[in-house]
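This report concerns only the one structure given below.
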Amino acid sequence: MVDNVTKEVPDVIDDVELLRRAIDSFGEFLALVGEGVSPKSVVRRPDAVGARFDDRLCPNYFNSVVVPSNTPPPVEDPGSHYVWTCADAVAGRVADTDMVLPIMGVRLEDSTLNLDGAATNAEEPSLERIAAINFEAYCASHDGDALVARGIYFLLSIRDPRVRVYGLRVEEEFVCVAITLRVGEDLHIDFLATEQNYRRRGLACSLIKSILVNGRREGMRTATLLATSDGLPVYERVGFRRVGVIRAYVRPGKEIEILGDAKAHLPT
């Protein structure tokens with residue numbers, strides 16, 4: 001795991017360092033899914049970190065590797081559905097034009113960080129509930145219940161004490177959820193989603209702020225995530241800023257497949 005590797009921690013955390021942390025944390029999260037399903041699924045190479053699955057029923061998002069920052073894309077193909085990188089090209093692959101995401105980061109000591117209105121009632125939903133909200137919200141038209149079931153299976157495979165879950169209830173039901181992964185001093189946020197009927201009520205913003213307050217209290221220095229166009233204004237209002245862009249590359253012909261559509265994980 002990344003935490004077992006000694007790395008020099010910079011005195012000044014600039015956007016380049018935020019970018020590095022975001023990419024490292026993203027790859028580590030994918031590798032943890034691989035470890036949970038099968039140690040043979042884990043990819044940990046100098047040029048790629050993540051997971052590789054042969055099972056076509058694996059949602060594409062989990063069947064991915066991430067290229068570390070300032071590292072050329074792999075020449076030897078890692079075999080995963082997606083290769084995520086900040087580079088403009090990957091040998092033998094084409095860009096999935098739907099999977100181009102801003103990388104967001106913030107220093108938790110920044111005075112510009114707006115944490116007013118942080119939720120004080122965040123609880124711990126089950127991974128089943130987190131998976132269900134995410135996959136039902138983003139995959140209603142893609143293979144229906146079968147895709148939800150596959151997503152839950154792979155998400156439930158995660159077994160690591162650095163992973164935590166957060167959620168907000170409305171009328172006793174969790175309707176806004178998120179997962180975090182602690183990698184060194186970085187708090188990486190993923191699987192942030194709100195049920196369709198409860199969007200645009202400020203729940204996601206309130207939950208993010210609660211997560212950041214908790215992270216700051218526990219000594220974390222940065223927070224990172226991947227954004228979508230829908231979530232971008234929310235993150236920017238909190239104080240996150242764009243530090244880079246990451247793209248997903250697939251083998252030619254694979255970009256049109258919808259089985260296990262990776263958009264299932266994207267935040268609201």
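Ligands are numbered from 1 in the order shown, chains are lettered A, B, ... in the order of the structure tokens, and residues start at 1 in each chain.
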
Could you give me, as a list of chain:residue names, the residues within 10 Å of Asn70 in chain A, counting only C-alpha atoms and dropping anything in the same chain fewer than 2 positions from it? A:Val16, A:Arg20, A:Asp47, A:Val67, A:Pro68, A:Pro72, A:Pro73, A:Thr85, A:Cys86, A:Ala87

Those same residues, written as a PDB file, in the first residue's frame with N, CA, C and O atoms?
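This went into out10.pdb:
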```pdb
ATOM      1  N   VAL A  16       0.988  21.337  -7.937  1.00  0.00           N
ATOM      2  CA  VAL A  16       1.665  20.156  -8.468  1.00  0.00           C
ATOM      3  C   VAL A  16       1.616  19.025  -7.449  1.00  0.00           C
ATOM      4  O   VAL A  16       1.373  17.860  -7.793  1.00  0.00           O
ATOM      5  N   ARG A  20      -0.313  15.357  -7.628  1.00  0.00           N
ATOM      6  CA  ARG A  20       0.343  14.073  -7.357  1.00  0.00           C
ATOM      7  C   ARG A  20      -0.439  13.271  -6.329  1.00  0.00           C
ATOM      8  O   ARG A  20      -0.664  12.061  -6.496  1.00  0.00           O
ATOM      9  N   ASP A  47       4.579   2.351 -13.583  1.00  0.00           N
ATOM     10  CA  ASP A  47       3.835   3.153 -14.555  1.00  0.00           C
ATOM     11  C   ASP A  47       2.326   2.943 -14.482  1.00  0.00           C
ATOM     12  O   ASP A  47       1.581   3.508 -15.295  1.00  0.00           O
ATOM     13  N   VAL A  67      -1.998   6.087 -14.078  1.00  0.00           N
ATOM     14  CA  VAL A  67      -0.582   6.358 -14.313  1.00  0.00           C
ATOM     15  C   VAL A  67      -0.134   7.448 -13.335  1.00  0.00           C
ATOM     16  O   VAL A  67      -0.720   8.531 -13.309  1.00  0.00           O
ATOM     17  N   PRO A  68       0.883   7.203 -12.511  1.00  0.00           N
ATOM     18  CA  PRO A  68       1.358   8.220 -11.573  1.00  0.00           C
ATOM     19  C   PRO A  68       1.758   9.507 -12.291  1.00  0.00           C
ATOM     20  O   PRO A  68       2.148   9.483 -13.461  1.00  0.00           O
ATOM     21  N   PRO A  72       5.517   8.544 -17.756  1.00  0.00           N
ATOM     22  CA  PRO A  72       4.971   8.257 -19.090  1.00  0.00           C
ATOM     23  C   PRO A  72       3.967   7.110 -19.025  1.00  0.00           C
ATOM     24  O   PRO A  72       4.106   6.198 -18.213  1.00  0.00           O
ATOM     25  N   PRO A  73       2.935   7.140 -19.864  1.00  0.00           N
ATOM     26  CA  PRO A  73       1.970   6.040 -19.912  1.00  0.00           C
ATOM     27  C   PRO A  73       2.665   4.720 -20.226  1.00  0.00           C
ATOM     28  O   PRO A  73       3.723   4.695 -20.864  1.00  0.00           O
ATOM     29  N   THR A  85      -4.800   8.781 -17.138  1.00  0.00           N
ATOM     30  CA  THR A  85      -3.546   9.523 -17.127  1.00  0.00           C
ATOM     31  C   THR A  85      -3.797  10.984 -17.481  1.00  0.00           C
ATOM     32  O   THR A  85      -4.815  11.328 -18.098  1.00  0.00           O
ATOM     33  N   CYS A  86      -2.847  11.839 -17.113  1.00  0.00           N
ATOM     34  CA  CYS A  86      -2.899  13.247 -17.509  1.00  0.00           C
ATOM     35  C   CYS A  86      -2.244  13.463 -18.866  1.00  0.00           C
ATOM     36  O   CYS A  86      -2.273  14.580 -19.402  1.00  0.00           O
ATOM     37  N   ALA A  87      -1.643  12.414 -19.416  1.00  0.00           N
ATOM     38  CA  ALA A  87      -0.958  12.526 -20.704  1.00  0.00           C
ATOM     39  C   ALA A  87      -1.970  12.687 -21.839  1.00  0.00           C
ATOM     40  O   ALA A  87      -3.155  12.369 -21.708  1.00  0.00           O
TER      41      ALA A  87
END
```

Within range 21-130 of chain A, find each residue whose DSSP state, derived from the backbone, is alpha helix (DSSP H), and express the selection as number ranges by chain. A: 21-37, 127-130

Just asking: which residues within range 147-266 of chain A are strand (DSSP E) according to DSSP, as a PyMOL selection string? chain A and resi 163-170+173-183+186-194+222-226+241-250

Name the closest residue to Gly244 in chain A among the candidates A:Met104, A:Ser157, A:Arg45, A:Glu128; distances are taken between atoms, counting only C-alpha atoms. A:Met104
